[in-house]
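Below is one structure, written out as structure tokens; the observations come after it.
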Amino acid sequence: MTAFRNFARVFKESSSLSGLLALGAVSSGGLLVYAETKPNSGSGVTETSQEKKKVVVLGSGWAGTSFLKNLDSSLYDVQVVSAHNYFAFTPLLPSVTCGTVEPRSIVEPVRSIVKKKKGDIQFLEAEVYKIDSENQKVHCQSNHDVTVEGKEQFSVDYDYLVIAVGAQVNTFNIPGVREHCHFLKELEDARKIRRGIIDCFERASIPNLGEDEREKILHFVVVGGGPTGVEFSAALHDFVCEDLAKLYPSVQNLVKITLVEAGDHILNMFDSRISSFAEQKFQRDGVDVKKRYQVTNVSDKCITMKGKAPGEILSVPYGMIVWSTGIGTRPVIMDFMKQIGQTNRRVLATDEWLRVEKCDNVYALGDCATINQRKIMEDISDIFRITDKDNSGTLTVQEIKNVIDDIRIRYPQLEIYLKKEKLEDVMDMLRGFIESGQGESKELDIEQFKTAFANVDSQMKNLPATAQVAAQQGAYLARCFNRMHKCEEEPEGPLRIRGTGRHRFPPFQYKHLGQFAPLGGEQAAAQLPGDWVSIGRSSQWLWYSVYASKQVSWRTRVLVMFDWTKRFAFGRDSSRI
Ligand code: FAD
């Protein structure tokens, strides 16, 4: 017992063991995709002489939690306001829908997370309904009826605001979707789906029902062929074949799963080898993949969709629909965008330092925001001007070399362009122009400079709405906050192209670590950096190891691994509780 306690203590205290776990489990691939991050020890600046600035964090999802975990909270007075008092490990939500993993195994209370931090971090479980950036306040409403009048409303002041409230489901205003479909966004959605599946099987087993009625009840429709829709379809298929078929033998042959996708292929954000493997696997498994169909209406009995062919309308009865088609902006963010004049946008825009445009002390990260990356061609004349140190009107090789690192950091699309064109560095890109340059000294003029960079912006892409991006943004912003004082005096960022001096910090740079698509039957597809594609059982084991190592605490890590083992040994639980 004592040995177990000691073991548990070492596990709890040693976050590096989690990294080792991933490394050990994937030793065949020799890949460490994730290592749990430790809070940055910070700049070492203490705020003894000054009053601490108040940082208010909205949301306790991937972005908010990563910010909190990495922030040196002894430097600030920190307050967290979130609609839920826990962090949910969303990539395992599809596993919750079928009982492979229990809901409590993938959540960690925010209060447990903040308890491990230095300083006094306050947590409030409430929904923010208005952000007032002019008066540096957020207006909140408690989730509970705490007064006789109902829910308590209050406001919180801030010096710095970190908005990380995520996004909401996008129904595209299609009639009937909100009323009749299940969503798969929050933990509660996953629990409802789990109960809904069992409900369908119990209802279909009631005597005196006709075969048509049973077939209708056991028709599961999944809308959206992205990673979540595909993973849920695969998980449902496994649940039905491996567990429910044994428990409901009389109706097992009536089950049908349909996956509806508006595009030409499912998993179209993945390499084409992965999407075609997934389509073929689903065909073998009997999952009906309906590509190029757009849902136009959902009633309590039927789902109606429009095919690509003119006049092609399909209306099919269903027992349960799971809607997983993408995300939309939350009302509180829409309202804030109106307030600050971002009415022409669909998502809250920030600069490359995650600062909300036109609001100096407000930051936004994760699914609720998008980085408005500046184009290199918008600034090309200014880039030329600061590069041309001697104001000669032409650039020497040395002048270019002096600023090239700053330009690479400031415009990440340049790095992507160089990789795509298989160029070693910027000088490699400029070589042709320099060689045809003027006179003996081979200098570049503004027109040649513009031509050389003309195609670089074609590589600009919005970052995907993923946990990976949100977590990296949270960690990045925390590092900036930890070094705020130091960097005011000694800026660490690139040269200011349109101003003078340097930026305080380098801009946020996303590092893609790869993505997975579990396809059921203990098979998964993995697309890793360098467009390395792996499909099959080994990728599924890689998935297990990465997702175990990515858990926010040793408690959830152990619970999740225990659930997986339990499932291997006893199957999934089909009780409707
Ligand atoms: P969230 O994690 O959604 O957090 C938002 C937080 O804000 C929550 O704590 C919420 O309670 C709080 N909040 C919301 N509204 C308010 C309000 N008005 N006031 C106060 N607080 C509020 N990404 C991957 O990289 N890999 C995957 O495998 C993957 N799988 C996924 C599977 C599913 C089923 C889903 C739904 C998503 C998946 N994602 C995955 C995407 C990933 O979950 C999101 O990109 C990520 O959660 C975004 O993080 P966030 O912090 O911006 O938002």
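Please note that chains go A, B, ... in the order of the structure tokens, that every chain numbers its residues from 1, and that ligands are numbered from 1 in the order shown.
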Using only C-alpha atoms, which residues sit within 8 Å of Leu218 (chain A) once same-chain residues fewer than 3 positions away are excluded, as an NGL selection string?
:A and (200-201 or 204 or 214-215 or 254-256 or 318-320)
Given a cut-off of 8 Å, what residues near ligand 1 show up using only C-alpha atoms and all ligand atoms, put as a ChimeraX atom specification?
/A:58-65,81-94,125-129,140,164-168,184-186,227-228,330,332,365-369,464-471,515-517
Report the closest atom pair, with its distance in Å rounded to one decimal, for each residue of region 40-108 of chain A that has an atom no farther than 9 Å from region 115-123 of chain A; count only C-alpha atoms, sort by chain and then rising residue number, and write it as CSV.
```
residue,atom,partner,partner_atom,distance
A:Leu68,CA,A:Lys117,CA,8.5
A:Lys69,CA,A:Lys117,CA,7.6
A:Leu71,CA,A:Lys117,CA,8.7
A:Asp72,CA,A:Lys118,CA,7.3
A:Ser73,CA,A:Gly119,CA,5.7
A:Ser74,CA,A:Gly119,CA,4.7
A:Leu75,CA,A:Gly119,CA,8.1
A:Tyr76,CA,A:Gly119,CA,8.1
A:Asp77,CA,A:Ile121,CA,7.0
A:Val78,CA,A:Ile121,CA,5.1
A:Gln79,CA,A:Gln122,CA,4.6
A:Val80,CA,A:Phe123,CA,4.8
A:Val81,CA,A:Phe123,CA,6.0
A:Ser82,CA,A:Phe123,CA,7.9
A:Asn85,CA,A:Phe123,CA,8.2
```
For Asp445 (chain A), the nearest of the candidates A:Ile416, A:Leu395, A:Asp425, A:Phe433, counting only C-alpha atoms:
A:Leu395
Contacts of Arg537 (chain A) at 12 Å (only C-alpha atoms; same-chain gap of 2+ positions) as a list in words
Pro518, Leu519, Gly520, Gly521, Glu522, Gln523, Ala524, Ala525, Ala526, Ser534, Ile535, Ser539, Gln540, Trp541, Leu542, Trp543 and Tyr544 of chain A
Residue selection dump (N, CA, C and O atoms) as a short mmCIF file (atom, residue, chain, number, x, y, z; two decimals), in the first residue's frame:
```cif
data_model
loop_
_atom_site.label_atom_id
_atom_site.label_comp_id
_atom_site.auth_asym_id
_atom_site.auth_seq_id
_atom_site.Cartn_x
_atom_site.Cartn_y
_atom_site.Cartn_z
N PRO A 518 -9.26 8.61 -36.13
CA PRO A 518 -9.58 7.22 -35.79
C PRO A 518 -10.69 6.72 -36.70
O PRO A 518 -11.69 7.40 -36.92
N LEU A 519 -10.51 5.51 -37.26
CA LEU A 519 -11.46 5.02 -38.26
C LEU A 519 -12.21 3.78 -37.80
O LEU A 519 -12.93 3.15 -38.57
N GLY A 520 -12.03 3.40 -36.53
CA GLY A 520 -12.74 2.24 -35.99
C GLY A 520 -12.00 0.94 -36.28
O GLY A 520 -11.05 0.91 -37.08
N GLY A 521 -12.44 -0.13 -35.59
CA GLY A 521 -11.81 -1.43 -35.77
C GLY A 521 -10.33 -1.40 -35.42
O GLY A 521 -9.53 -2.06 -36.08
N GLU A 522 -9.99 -0.60 -34.43
CA GLU A 522 -8.59 -0.45 -33.98
C GLU A 522 -7.68 0.02 -35.12
O GLU A 522 -6.51 -0.35 -35.18
N GLN A 523 -8.22 0.83 -36.00
CA GLN A 523 -7.38 1.42 -37.06
C GLN A 523 -7.53 2.93 -37.02
O GLN A 523 -8.60 3.45 -36.73
N ALA A 524 -6.45 3.62 -37.30
CA ALA A 524 -6.51 5.09 -37.35
C ALA A 524 -5.61 5.56 -38.48
O ALA A 524 -4.74 4.82 -38.96
N ALA A 525 -5.85 6.80 -38.89
CA ALA A 525 -4.96 7.41 -39.89
C ALA A 525 -4.24 8.55 -39.21
O ALA A 525 -4.83 9.27 -38.40
N ALA A 526 -2.99 8.70 -39.51
CA ALA A 526 -2.21 9.80 -38.92
C ALA A 526 -1.50 10.54 -40.04
O ALA A 526 -0.90 9.91 -40.92
N SER A 534 0.39 7.66 -42.15
CA SER A 534 0.42 6.30 -41.64
C SER A 534 -1.01 5.88 -41.37
O SER A 534 -1.78 6.64 -40.76
N ILE A 535 -1.38 4.71 -41.82
CA ILE A 535 -2.76 4.23 -41.64
C ILE A 535 -2.71 2.81 -41.13
O ILE A 535 -1.93 2.01 -41.62
N SER A 539 -0.97 3.11 -36.16
CA SER A 539 -1.39 4.52 -35.95
C SER A 539 -2.40 4.60 -34.80
O SER A 539 -2.44 5.60 -34.08
N GLN A 540 -3.22 3.55 -34.66
CA GLN A 540 -4.16 3.55 -33.54
C GLN A 540 -3.40 3.51 -32.21
O GLN A 540 -3.76 4.21 -31.27
N TRP A 541 -2.31 2.74 -32.16
CA TRP A 541 -1.53 2.69 -30.92
C TRP A 541 -0.81 4.01 -30.68
O TRP A 541 -0.66 4.46 -29.55
N LEU A 542 -0.41 4.64 -31.77
CA LEU A 542 0.20 5.97 -31.64
C LEU A 542 -0.85 6.94 -31.07
O LEU A 542 -0.57 7.74 -30.19
N TRP A 543 -2.07 6.82 -31.59
CA TRP A 543 -3.19 7.66 -31.11
C TRP A 543 -3.40 7.45 -29.61
O TRP A 543 -3.49 8.42 -28.86
N TYR A 544 -3.46 6.18 -29.17
CA TYR A 544 -3.63 5.91 -27.74
C TYR A 544 -2.52 6.60 -26.94
O TYR A 544 -2.77 7.25 -25.94
#
```
Apply DSSP to the backbone of this structure and, from region 102-147 of chain A, keep only the residues in strand (DSSP E or B); write these as a compact mmCIF listing (two decimals) with C-alpha atoms, in the first residue's frame.
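So part09.txt came out as:
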```txt
# COMPACT_ATOMS: atom_id res chain seq x y z
CA VAL A 107 -12.49 16.41 -17.31
CA GLU A 108 -10.34 18.18 -14.78
CA PRO A 109 -11.84 20.75 -12.39
CA GLN A 122 -9.81 33.24 -8.39
CA PHE A 123 -12.35 31.17 -10.29
CA LEU A 124 -15.97 32.10 -11.02
CA GLU A 125 -18.38 29.75 -12.75
CA ALA A 126 -20.43 32.17 -14.81
CA GLU A 127 -21.26 33.09 -18.36
CA VAL A 128 -19.94 36.34 -19.77
CA TYR A 129 -22.67 38.11 -21.69
CA LYS A 130 -20.98 41.43 -22.43
CA ILE A 131 -17.41 42.61 -22.87
CA ASP A 132 -17.06 46.35 -22.32
CA LYS A 137 -15.15 45.40 -17.61
CA VAL A 138 -16.83 42.11 -18.39
CA HIS A 139 -20.44 41.54 -17.43
CA CYS A 140 -21.28 38.07 -16.21
CA GLN A 141 -24.25 36.01 -15.17
CA SER A 142 -23.97 33.16 -12.72
CA THR A 147 -31.08 34.87 -5.65
```
Region 333-390 of chain A: which residues are alpha helix (DSSP H) by DSSP, as a PyMOL selection string?
chain A and resi 333-339+380-387
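Residues surrounding Asp405 (chain A) within 12 Å are Thr387, Glu399, Tyr411, Pro412, Leu414, Glu415, Asp425, Val426, Met427, Gly493, Pro494, Leu495 and Pro506 of chain A [only C-alpha atoms; sequence separation below 6 positions excluded].
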Quick one: distance from CA of Thr325 (chain A) to CA of Val251 (chain A) in Å, one decimal?
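CA of Val251 (chain A) lies 29.5 Å from CA of Thr325 (chain A).
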Nearest to Val169 (chain A): which of A:Val316, A:Ala234, A:Ile497, A:Ile327 is it, counting only C-alpha atoms?
A:Ile327
